[in-house]
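Novice: This is the structure I want to talk about, given as C-alpha cells.
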Amino acid sequence: MKKETIPLLHDHHAHVSGRAAYRDCVDLSEVKKKEKAISMINRDCSEDRINVVKGWNDSYYSFEVKEIDELPPVFIWNISGHGLIFNEKAESRFKENFDNPQIINKMYDPEWVEQNLLKVSKLMMKIEGITASKIQDTYDFLLERGIYETDDMLLPSTDTLKIVKDLGYQERTNFWADLETFGGLSEKAKDEIEGIKLFADGALGPRTAAIKERYLDGSDGVLIYEKEDLKDTLNGLEKDKISIHAIGDRAIDMVVNILAKMNKEGLEIPETRIEHAQFIDKNTAEKAKSLGITLSMQPNFSLDSVHYSDRLSEKYLKMNNPFRMLIDEVGFIPGEDLLLGSDGLPYGVKDALESSLFPEYDTQKLTLEEFIDGYCVDRKEIGSVQIIIDEAKREVFIEDIET
Ligand SMILES: [Zn+2]
C-alpha cells in the first residue's frame, strides 16, 4: 500500500450540463438485470409526463417492444450517450408537447439519431430542464469526487451559460458547443467558450463507432460526414478551435487524413482535439502528432475491452486505449497533447486512477506521474486528494479531499 497526494482533477471530457439536466432521472448504469431496470422505471417514472432514463447498458440486457410499451412515457438513453429507445406513450406525448413533432418519427432510425445526436441530446435535456440548483448540485457532486475543473463537451443553450456564470463557475469550465448552439450565441459568448464540438462517428454502445472491421453481429458503424463534407465544415468554421469525437479507427483516420490534406494544400487548419481516439493506430498517431493534434482520452474506457467482448473481436479489444504506444513510441505528452477525462462514465478520482494504473492490458497503463500531468489541475494551492494505492488488490482508495 502506498500513500500519495495528488492535485484536484481537471476532467477534460465531462458533461456538466448533461449531468445537471439528468440529475433526477432513473439511472440504470449500475443495473445488470432487466427485471430490476423495469421495476425502477415503474417505481420512479411518472405516467403524467415524459421521463428520460439514463445509463442503460445493452451488454447486460435489451428490451422487447412490448416491455417498454408497458412502461410510463420514457426515453431510455444507452449508457454511451449514443442511441436511445422510447415507447409509444413517449411518442404521443412528445407529439402533443413539442414544436417539431415529426422529429420523433425520425428518432426510430438509429443512424439518424447518430447523425443528429446533438439535436437529440439537446431535446432530451430540454425535456428534463436545467436549473441553477441542478447546476450547483452538479459542481458539488464533481468536487466531492475530486473534480475541480471540467471541459463541458455539450453546452445546450445560452441560458445554461448564463446560469453557470451567475453561479460563478465559468472560470472552472471550458464550454464546447455544437454548430447549431454556437450559431445562436452572442459574439461575446462565442469568444468566451472554448470551441466547437463535432462528431465523426458513433459509439461502441449502439455499435456505431466506425471501426475498420465489422462488429461481431455484422453491424458496420456510422461515419457522420462524407470526406468532402467534413473538409468543407472544417474549412468554414467561425472558431479556430474544435474538438471532434472519433472512436473507431475508420473515423480517426478520416479526420487526421483530411486535416493532413488541408495542411498540404496550404489551408489553415483549426486547433484540433480528437475526443476518445480509442482505436487510433501508430501510423495515424504519428500523423496526428506531426499535425499538432491533441488527443483527449478516457482511461475509464479501457474497461470497454472487458465490457464489449460481446461485440468486438480480440484484435479490437487489445487495440483499445493504446496509451503506452502513444506516449513511448509516438511521443505524445500527458498534459500537453494528451489530455485525460472521464466522459462521466463514471466521474471521479477513484475510477479514473484504477483504470489508469490497473487496466485490463499493459498497453493501456499510465503511471501516476502521467496521470497527474494529463488529468490534474496544475495549481496545487487549489486543493488536493489523498489516496491509497493498493497494488495487490489493484484498487485505489480516497482518504481525503481537501479544497
Ligand atoms: Zn461525451
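Chain labels run A, B, ... following the order of the C-alpha cells; each chain numbers its residues from 1, and ligands are numbered from 1 in the order shown.
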Return as number ranges by chain the full set of residues in segment 180-345 of chain A whose backbone-based DSSP assignment is helix (DSSP H, G or I).
Specialist: A: 180-183, 187-192, 227-235, 249-264, 282-290, 299-307, 314-319, 323-329
Novice: Lys393 of chain A: which residues within 10 Å, counting only C-alpha atoms, same-chain residues fewer than 4 positions away excluded, as a PyMOL selection string?
Specialist: chain A and resi 1+358+389
Novice: Write a file of the just-selected residues containing N, CA and C atoms, as a PDB file, in the first residue's frame.
Specialist:
```
ATOM      1  N   MET A   1       0.843  -1.212   0.000  1.00  0.00           N
ATOM      2  CA  MET A   1       0.000   0.000   0.000  1.00  0.00           C
ATOM      3  C   MET A   1       0.868   1.248   0.000  1.00  0.00           C
ATOM      4  N   PHE A 358      -4.370   0.209 -13.226  1.00  0.00           N
ATOM      5  CA  PHE A 358      -4.619  -1.244 -13.278  1.00  0.00           C
ATOM      6  C   PHE A 358      -5.593  -1.633 -14.385  1.00  0.00           C
ATOM      7  N   ILE A 389      -2.934   3.654  -2.682  1.00  0.00           N
ATOM      8  CA  ILE A 389      -2.899   2.746  -3.821  1.00  0.00           C
ATOM      9  C   ILE A 389      -2.563   1.351  -3.308  1.00  0.00           C
TER      10      ILE A 389
END
```
Novice: Between atom CA of Lys231 of chain A and atom CA of Ser157 of chain A, measure the distance and give it in Å to one decimal.
Specialist: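 So the two atoms, atom CA of Lys231 of chain A and atom CA of Ser157 of chain A, lie 26.3 Å apart.
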Novice: Would you list the contacts of segment 372-382 of chain A as a CSV table (one decimal) with N, CA, C and O atoms, in the first residue's frame, taking every protein, DNA or RNA residue within 8 Å and counting only C-alpha atoms, but skipping same-chain residues closer than 6 positions in sequence?
Specialist:
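Listed below is the output, selection.csv:
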```csv
chain,number,residue,atom,x,y,z
A,6,ILE,N,-2.3,13.8,-4.6
A,6,ILE,CA,-2.4,14.4,-6.0
A,6,ILE,C,-3.2,15.6,-6.0
A,6,ILE,O,-4.1,15.8,-5.1
A,7,PRO,N,-3.0,16.5,-7.0
A,7,PRO,CA,-3.9,17.7,-7.1
A,7,PRO,C,-5.3,17.3,-7.5
A,7,PRO,O,-5.6,16.2,-7.9
A,8,LEU,N,-6.2,18.2,-7.4
A,8,LEU,CA,-7.6,18.0,-7.8
A,8,LEU,C,-7.6,17.8,-9.3
A,8,LEU,O,-6.7,18.2,-10.0
A,9,LEU,N,-8.7,17.2,-9.8
A,9,LEU,CA,-8.7,16.9,-11.3
A,9,LEU,C,-9.3,18.0,-12.1
A,9,LEU,O,-10.1,18.8,-11.7
A,10,HIS,N,-8.8,18.0,-13.4
A,10,HIS,CA,-9.5,18.7,-14.4
A,10,HIS,C,-10.0,17.6,-15.4
A,10,HIS,O,-9.2,17.0,-16.1
A,11,ASP,N,-11.3,17.4,-15.4
A,11,ASP,CA,-11.8,16.4,-16.2
A,11,ASP,C,-12.0,17.0,-17.6
A,11,ASP,O,-12.9,17.8,-17.8
A,12,HIS,N,-11.2,16.5,-18.5
A,12,HIS,CA,-11.2,17.2,-19.9
A,12,HIS,C,-12.3,16.8,-20.8
A,12,HIS,O,-12.5,17.3,-21.9
A,148,TYR,N,-12.3,19.5,-9.9
A,148,TYR,CA,-12.4,20.9,-9.7
A,148,TYR,C,-12.7,21.7,-11.0
A,148,TYR,O,-13.6,22.6,-11.0
A,149,GLU,N,-12.1,21.3,-12.1
A,149,GLU,CA,-12.4,21.9,-13.4
A,149,GLU,C,-12.8,20.9,-14.4
A,149,GLU,O,-12.5,19.7,-14.3
A,334,PRO,N,1.5,13.7,-21.9
A,334,PRO,CA,0.3,13.9,-21.0
A,334,PRO,C,0.4,15.4,-20.5
A,334,PRO,O,1.4,15.9,-20.0
A,335,GLY,N,-0.8,16.0,-20.6
A,335,GLY,CA,-0.9,17.4,-20.2
A,335,GLY,C,-0.6,18.4,-21.3
A,335,GLY,O,-0.9,19.6,-21.2
A,336,GLU,N,0.1,17.9,-22.3
A,336,GLU,CA,0.4,18.8,-23.4
A,336,GLU,C,-0.5,18.5,-24.6
A,336,GLU,O,-1.5,19.2,-24.9
A,338,LEU,N,-1.8,15.2,-24.8
A,338,LEU,CA,-2.6,14.1,-24.4
A,338,LEU,C,-3.3,14.4,-23.1
A,338,LEU,O,-2.7,14.6,-22.1
A,339,LEU,N,-4.6,14.7,-23.3
A,339,LEU,CA,-5.4,15.1,-22.1
A,339,LEU,C,-6.3,14.0,-21.7
A,339,LEU,O,-6.8,13.2,-22.5
A,340,LEU,N,-6.6,13.9,-20.4
A,340,LEU,CA,-7.4,12.8,-19.8
A,340,LEU,C,-8.7,13.3,-19.2
A,340,LEU,O,-8.8,14.4,-18.6
A,341,GLY,N,-9.7,12.5,-19.3
A,341,GLY,CA,-11.0,12.8,-18.7
A,341,GLY,C,-11.9,11.6,-18.5
A,341,GLY,O,-11.3,10.4,-18.7
A,403,THR,N,-10.1,20.9,-0.1
A,403,THR,CA,-10.3,22.1,-1.0
A,403,THR,C,-10.3,23.4,-0.3
A,403,THR,O,-10.4,23.4,0.9
```
Novice: Excluding segment 99-112 of chain A and residues on its chain fewer than 6 positions from it, collect all residues at most 10 Å away from it, counting only C-alpha atoms, and give them as a PDB file with C-alpha atoms, in the first residue's frame.
Specialist:
```pdb
ATOM      1  CA  HIS A  82     -25.385   7.464 -28.099  1.00  0.00           C
ATOM      2  CA  GLY A  83     -28.583   5.727 -29.140  1.00  0.00           C
ATOM      3  CA  LEU A  84     -31.879   5.784 -27.333  1.00  0.00           C
ATOM      4  CA  ILE A  85     -35.126   3.867 -27.339  1.00  0.00           C
ATOM      5  CA  PHE A  86     -38.597   5.093 -26.446  1.00  0.00           C
ATOM      6  CA  ALA A  90     -43.491   8.956 -25.052  1.00  0.00           C
ATOM      7  CA  GLU A  91     -44.073   9.371 -28.769  1.00  0.00           C
ATOM      8  CA  SER A  92     -47.646  10.626 -28.409  1.00  0.00           C
ATOM      9  CA  ARG A  93     -46.816  12.962 -25.546  1.00  0.00           C
ATOM     10  CA  LYS A 119     -30.053  17.790 -31.659  1.00  0.00           C
ATOM     11  CA  VAL A 120     -31.484  14.740 -29.899  1.00  0.00           C
ATOM     12  CA  GLY A 202     -20.905   6.978 -33.098  1.00  0.00           C
ATOM     13  CA  PRO A 206     -25.021   1.069 -30.075  1.00  0.00           C
ATOM     14  CA  THR A 208     -21.999   2.865 -34.303  1.00  0.00           C
ATOM     15  CA  GLY A 221     -20.550   1.596 -37.580  1.00  0.00           C
ATOM     16  CA  VAL A 222     -21.568   5.047 -38.739  1.00  0.00           C
ATOM     17  CA  LEU A 223     -19.495   7.845 -40.224  1.00  0.00           C
ATOM     18  CA  ILE A 224     -21.254  11.148 -39.614  1.00  0.00           C
TER      19      ILE A 224
END
```
Novice: Would you give me, as a Markdown table, each residue of chain A having an atom within 7 Å of an atom of ligand 1, along with its shortest atom pair and that distance in Å to one decimal, using only C-alpha atoms and all ligand atoms and sorting by chain and residue number?
Specialist:
```
| residue | atom | partner | partner_atom_place_in_ligand_line | distance |
| --- | --- | --- | --- | --- |
| A:His13 | CA | ligand 1 | 1 (Zn) | 6.2 |
| A:Ala14 | CA | ligand 1 | 1 (Zn) | 6.3 |
| A:His15 | CA | ligand 1 | 1 (Zn) | 6.5 |
| A:Met153 | CA | ligand 1 | 1 (Zn) | 6.1 |
| A:Asp343 | CA | ligand 1 | 1 (Zn) | 4.8 |
```
Novice: Tell me which protein, DNA and RNA residues are within 9 Å of segment 74-78 of chain A, counting only C-alpha atoms, leaving out same-chain ones fewer than 5 positions away, and put them as a count of residues only.
Specialist: 26
Novice: Counting only C-alpha atoms, which residues of segment 43-147 of chain A sit at most 6 Å from some atom of segment 16-22 of chain A, and what is each one's closest atom pair with its distance in Å to one decimal, listed by chain and rising residue number, as a tab-separated table?
Specialist:
```
residue	atom	partner	partner_atom	distance
A:Met125	CA	A:Ala21	CA	5.4
A:Glu128	CA	A:Ala21	CA	5.7
A:Gly129	CA	A:Ala21	CA	5.4
A:Ile130	CA	A:Ala21	CA	4.9
A:Lys134	CA	A:Ala20	CA	5.0
A:Ile135	CA	A:Ala20	CA	5.2
A:Thr138	CA	A:Ala20	CA	5.7
```
Novice: Mind checking DSSP for segment 204-329 of chain A and telling me the strand (DSSP E) residues as a list in words?
Specialist: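 Output for segment 204-329 of chain A, strand (DSSP E) only: Lys241, Ile242, Ser243, Ile244, His245, Ala246, Glu271, Thr272, Arg273, Ile274, Glu275, His276, Thr294, Leu295, Ser296 and Met297 of chain A.
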Novice: Next, the residues of the selection above should be written as a short mmCIF file (atom, residue, chain, number, x, y, z; two decimals), in the first residue's frame with N, CA and C atoms.
Specialist:
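Result saved to part_22.cif:
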```
data_model
loop_
_atom_site.label_atom_id
_atom_site.label_comp_id
_atom_site.auth_asym_id
_atom_site.auth_seq_id
_atom_site.Cartn_x
_atom_site.Cartn_y
_atom_site.Cartn_z
N LYS A 241 -10.94 26.66 -33.00
CA LYS A 241 -10.64 25.57 -32.07
C LYS A 241 -11.78 24.57 -32.10
N ILE A 242 -11.46 23.32 -32.39
CA ILE A 242 -12.52 22.31 -32.43
C ILE A 242 -12.13 21.07 -31.64
N SER A 243 -13.17 20.38 -31.22
CA SER A 243 -12.94 19.05 -30.69
C SER A 243 -13.85 18.13 -31.46
N ILE A 244 -13.29 17.04 -31.93
CA ILE A 244 -14.08 16.15 -32.78
C ILE A 244 -14.06 14.73 -32.23
N HIS A 245 -15.26 14.23 -32.00
CA HIS A 245 -15.44 12.90 -31.45
C HIS A 245 -15.10 11.86 -32.52
N ALA A 246 -14.13 11.01 -32.26
CA ALA A 246 -13.82 9.91 -33.18
C ALA A 246 -13.30 8.73 -32.35
N GLU A 271 -7.16 24.46 -34.53
CA GLU A 271 -6.54 23.77 -33.40
C GLU A 271 -7.49 22.63 -33.02
N THR A 272 -6.99 21.40 -33.13
CA THR A 272 -7.91 20.25 -33.08
C THR A 272 -7.63 19.31 -31.93
N ARG A 273 -8.70 18.92 -31.27
CA ARG A 273 -8.65 17.84 -30.28
C ARG A 273 -9.47 16.70 -30.82
N ILE A 274 -8.94 15.49 -30.75
CA ILE A 274 -9.78 14.32 -31.07
C ILE A 274 -10.25 13.74 -29.74
N GLU A 275 -11.57 13.61 -29.61
CA GLU A 275 -12.14 13.05 -28.39
C GLU A 275 -12.21 11.53 -28.50
N HIS A 276 -11.73 10.85 -27.50
CA HIS A 276 -11.76 9.38 -27.33
C HIS A 276 -10.59 8.70 -28.03
N THR A 294 -4.27 17.31 -30.63
CA THR A 294 -4.29 16.85 -29.24
C THR A 294 -5.27 15.68 -29.13
N LEU A 295 -4.88 14.68 -28.35
CA LEU A 295 -5.79 13.56 -28.10
C LEU A 295 -6.41 13.74 -26.71
N SER A 296 -7.73 13.65 -26.65
CA SER A 296 -8.44 13.78 -25.37
C SER A 296 -9.08 12.42 -25.08
N MET A 297 -8.47 11.69 -24.14
CA MET A 297 -8.84 10.27 -23.97
C MET A 297 -9.33 9.96 -22.55
#
```
Novice: Could you tell me how far atom CA of Ala132 of chain A sits from atom CA of Gly168 of chain A, in Å to one decimal place?
Specialist: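 Separation of atom CA of Gly168 of chain A and atom CA of Ala132 of chain A: 11.2 Å.
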Novice: Need to verify the contact set: Trp176 of chain A, 6 Å, only C-alpha atoms, exclusion of same-chain residues closer than 2 positions in sequence. Can you return it as a ChimeraX atom specification?
Specialist: /A:153-155,194-197
Novice: Calculate how many Å separate atom CA of Ala288 of chain A from atom CA of Phe323 of chain A, rounding to one decimal.
Specialist: 14.5 Å
